[in-house]
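A.B. asks: Please find one structure pasted underneath; my questions will follow.
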Amino acid sequence: MYSIKEAVLSGIHFIDGDVACAEGAIAAGCRFSAGYPITPSTEVVERLAARFPMVGGMFVQMEDELASSIAIIGAAWGGVKAMTVSSGPGISLMQEHIGLAAITETPTVWVNVQRCGPSTGLPTQPAQGDMMQAQWGSHGDYPSLALCPNSPQEAFDLTVRAFNLAERYRTPVMVLLDEAVGHMLEKVVIPPGDEIDVDARHFTSKPPKEYRAYECAPGSLVPDMARTGEGYYFHVTGLTHDERGYPIMLAEVQRRLMERLMAKIDLDDVTQVVQSQVDGCEVLVVSYGITSRVAERAILEAREQGLRVGHLRLLTVWPFPEKLVAERCTQGSVQRVVVPELNMGQMVREVERVVAGACPVTLVGHPGGAVHEPEVILEAIMEVRQ
Amino acid sequence: MSGHRGTEVRIAGFGGQGVILSGMILGRAVSIFENKHATLMQSFGPEARGGACSAQVILSDEKILYPYVKAPDVLVVMSQPALRTYLPTLREGGKLIYEQDLVKLEEGDELPEGATCYGVPATKIAEGLRRRIVLNIVMVGFISAVAPMVSMESARKAVLHSVPRGTEALNGRAFDMGYRYGVENYGGES
């Protein structure tokens, strides 16, 4: 079997975002994937199915999305890094198991190559309509982590990061591509394996008799996992459970569990936002994914017309980088915040929440099926002059 | 909108003609063999064969932001509907490259000011090699001669890098014949 390092396809490639995502998973050490192929995410699993046999991994084409999403949870408990891949309609079906992964604290990666919805929508066209679903899709409160690349290179980089965050926080992490980024081909530089930071799984060093599945070391909010097949017996359940993993039907246990789950993710550690000419800007554009590249054209044009325009591009969309966005949007110079997105208004609600009336926030929505015309975004930016 | 663009190329035809692969070869030549930047956006319907198919390629010395082709500098068409749809988008002074047995320029097909036209019997050339399937590679060779955006060597290397193993010799010949047709009929780089 290949080591993780040898499996990395180091070099310069001209590949699409889907393939780059698959290579990112392999570089991060993912060796199991189960999925039910769906446009526009099919190329991810095609690539995994072709590459896994060469690196000691396994892809299983399952009978549906429920089976796929539970299989990766089983695989993760079996000791490997695992992910599933789908698009909106399939991700909707997987919601139950995203919640299960969250409460059982199962490190898993979930790739959603977004297409138009609702329902089957427009399979071969881009949208960013699943942004709120990525946070609120499964029932109950749970910590959500979602990353949003805008190029094949970032699809590679952020998939690696998704696996690292999944291990670091023992939680499901979503990679939110869109059809445009998934099917876009660009240069992707894959570094040598030993130059890629990969978080290994945190296994307990305690002997089986002392190990409690959900007990955290002092100062930590993330419990260690146990190696399968080495005599560790414990209970894993979607029911509210105590440190041993046993279901306890008490409000107090629920409170303790929820407080730890909601607190375990370090916002500063997970937040990645690309800032461009933000200091002293008059208009601030907040965007993510393919829309950030369309917006960039409008931003350059507005700057040529003499307007000071800043750009915040969210790589981490969940948890919403509220501290940073609030701070940048409410600096005195900002007269307007513009949020273009390929939906009828989703992340703009988060921006409005954190701006809290300090300045007007303009949504430039789009129902999907295409990307914005840059002129429409430019118009919204230039409105500040009127 | 002004500026901030590299060379825009649109290749269009029917699904199954190798439209996307042609775009990939161009992009690969630029990004791997010349270490510059290329972005390829593909658009296609749900059908695999026969539907309208188009590849948008942007080539640039710098990182490409906006990835879509608005007004191509080079338009390559391999079907009549593709000509209908995209000829009006060709930039002034741009180049129209077409498969001359599949696409007919008719009265009323107005070229933008300063635009030039290059026809090639790519299907016939491919049939001369007894493999009609290499039509797109003949086109890539022809493009390399009449609208060079990368060196001929990089384009040829990208072809060999992109075709199935065991077919390199055939595709190399297809590329060479398309290239030669361009040089002989249009004097190469124009």
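Numbering starts fresh at 1 for the residues of each chain in the structure tokens, the chains themselves are lettered A, B, ... in the order given, and ligands are numbered from 1 as they appear.
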Can you list every residue in region 78-281 of chain A that DSSP puts in alpha helix (DSSP H), as a PyMOL selection string?

C.D. replies: chain A and resi 88-93+95-103+131-136+152-169+179-182+251-263+267-270

A.B. asks: Could you please tell me, as a PDB file with C-alpha atoms, in the first residue's frame, which residues of chain A have an atom within 6 Å of chain B when using only C-alpha atoms?

C.D. replies:
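out-v2.pdb was written with the following content:
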ATOM      1  CA  PHE A  14      -4.831  21.536 -15.846  1.00  0.00           C
ATOM      2  CA  MET A 184     -13.926  24.999 -14.578  1.00  0.00           C
ATOM      3  CA  LEU A 185     -10.464  23.873 -15.672  1.00  0.00           C
ATOM      4  CA  GLU A 186      -7.416  25.802 -14.522  1.00  0.00           C
ATOM      5  CA  LYS A 187      -3.865  25.255 -13.472  1.00  0.00           C
ATOM      6  CA  ARG A 293     -14.708  36.175  -9.471  1.00  0.00           C
ATOM      7  CA  VAL A 294     -17.573  37.808 -11.316  1.00  0.00           C
TER       8      VAL A 294
END

A.B. asks: CA of Pro126 (chain A) to CA of Val371 (chain A): how many Å, to one decimal?

C.D. replies: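 Separating CA of Pro126 (chain A) from CA of Val371 (chain A) is a distance of 7.2 Å.
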
A.B. asks: Using only C-alpha atoms, can you tell me which of A:Val278, A:Cys359, A:Ser86, A:Ala67 comes closest to Val45 (chain A)?

C.D. replies: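 So, comparing all the options, the nearest one is A:Ser86.
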
A.B. asks: Separation of CA of Thr123 (chain B) and CA of Glu34 (chain B), in Å?

C.D. replies: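 CA of Thr123 (chain B) sits 29.1 Å away from CA of Glu34 (chain B).
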
A.B. asks: Which one of A:Arg308, A:Ala326, A:Thr106, A:Gly99 sits closest to Pro223 (chain A) if you count only C-alpha atoms?

C.D. replies: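 Among the listed residues, A:Thr106 lies closest to Pro223 (chain A).
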
A.B. asks: What is the CA of Pro53 (chain A)-CA of Ala7 (chain A) distance in Å, reported with one decimal?

C.D. replies: 10.8 Å

A.B. asks: Contacts of Pro321 (chain A) at 6 Å or less, counting only C-alpha atoms, minus same-chain residues fewer than 2 places along, as a list in words?

C.D. replies: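 That gives Thr271, Lys323 and Leu324 of chain A.
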
A.B. asks: Excluding Gly369 (chain A) and its own-chain neighbours fewer than 5 positions away, which residues fall within 8 Å of it when counting only C-alpha atoms? Please give them as a list in words.

C.D. replies: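 Residues meeting the cut-off are Arg115, Cys116, Leu122, Gln125, Pro126 and Ala127 of chain A.
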
A.B. asks: Can I get the selection written as a PDB file, in the first residue's frame, with N, CA and C atoms?

C.D. replies:
ATOM      1  N   ARG A 115     -25.901  23.090  -7.588  1.00  0.00           N
ATOM      2  CA  ARG A 115     -26.613  23.369  -8.825  1.00  0.00           C
ATOM      3  C   ARG A 115     -27.909  24.065  -8.441  1.00  0.00           C
ATOM      4  N   CYS A 116     -28.713  24.411  -9.452  1.00  0.00           N
ATOM      5  CA  CYS A 116     -29.926  25.170  -9.139  1.00  0.00           C
ATOM      6  C   CYS A 116     -30.984  24.294  -8.479  1.00  0.00           C
ATOM      7  N   LEU A 122     -31.904  22.883 -12.119  1.00  0.00           N
ATOM      8  CA  LEU A 122     -31.096  22.881 -13.338  1.00  0.00           C
ATOM      9  C   LEU A 122     -29.791  22.136 -13.046  1.00  0.00           C
ATOM     10  N   GLN A 125     -26.228  23.640 -14.299  1.00  0.00           N
ATOM     11  CA  GLN A 125     -25.987  25.080 -14.188  1.00  0.00           C
ATOM     12  C   GLN A 125     -25.680  25.464 -12.741  1.00  0.00           C
ATOM     13  N   PRO A 126     -24.916  26.552 -12.584  1.00  0.00           N
ATOM     14  CA  PRO A 126     -24.461  26.919 -11.234  1.00  0.00           C
ATOM     15  C   PRO A 126     -25.513  27.635 -10.397  1.00  0.00           C
ATOM     16  N   ALA A 127     -25.373  27.498  -9.091  1.00  0.00           N
ATOM     17  CA  ALA A 127     -26.165  28.240  -8.124  1.00  0.00           C
ATOM     18  C   ALA A 127     -25.406  28.223  -6.804  1.00  0.00           C
TER      19      ALA A 127
END

A.B. asks: So that I can see what lies close to Val134 (chain B), please list as number ranges by chain the residues with an atom at most 12 Å from it, counting only C-alpha atoms and leaving out residues fewer than 5 positions away in the same chain.

C.D. replies: B: 16-19, 21-22, 122-129, 139-141, 159, 163-164, 167-178

A.B. asks: List the spatial neighbours of Ala155 (chain A) as number ranges by chain - criterion: any atom at most 9 Å away, only C-alpha atoms, same-chain residues fewer than 3 positions off excluded.

C.D. replies: A: 16-22, 24, 148-152, 158-160, 175, 177, 181-182

A.B. asks: Please write the residues from the selection above to a file, keeping C-alpha atoms, as a PDB file, in the first residue's frame.

C.D. replies:
ATOM      1  CA  ASP A  16     -11.382  21.033 -13.127  1.00  0.00           C
ATOM      2  CA  GLY A  17     -12.560  21.874  -9.625  1.00  0.00           C
ATOM      3  CA  ASP A  18     -14.209  18.480  -9.175  1.00  0.00           C
ATOM      4  CA  VAL A  19     -11.031  16.566 -10.010  1.00  0.00           C
ATOM      5  CA  ALA A  20      -8.980  18.964  -7.876  1.00  0.00           C
ATOM      6  CA  CYS A  21     -11.355  18.299  -4.975  1.00  0.00           C
ATOM      7  CA  ALA A  22     -10.822  14.534  -5.362  1.00  0.00           C
ATOM      8  CA  GLY A  24      -7.249  17.224  -2.371  1.00  0.00           C
ATOM      9  CA  CYS A 148     -16.172  27.790  -0.287  1.00  0.00           C
ATOM     10  CA  PRO A 149     -13.506  27.683  -3.045  1.00  0.00           C
ATOM     11  CA  ASN A 150     -13.579  29.920  -6.115  1.00  0.00           C
ATOM     12  CA  SER A 151     -11.095  28.045  -8.319  1.00  0.00           C
ATOM     13  CA  PRO A 152      -9.834  24.522  -8.946  1.00  0.00           C
ATOM     14  CA  LEU A 158      -9.807  23.770   0.822  1.00  0.00           C
ATOM     15  CA  THR A 159     -10.593  20.064   0.538  1.00  0.00           C
ATOM     16  CA  VAL A 160      -7.294  19.355   2.285  1.00  0.00           C
ATOM     17  CA  VAL A 175     -16.953  21.850   0.974  1.00  0.00           C
ATOM     18  CA  LEU A 177     -18.387  24.187  -4.632  1.00  0.00           C
ATOM     19  CA  VAL A 181     -16.036  26.029 -10.079  1.00  0.00           C
ATOM     20  CA  GLY A 182     -16.614  22.274 -10.331  1.00  0.00           C
TER      21      GLY A 182
END
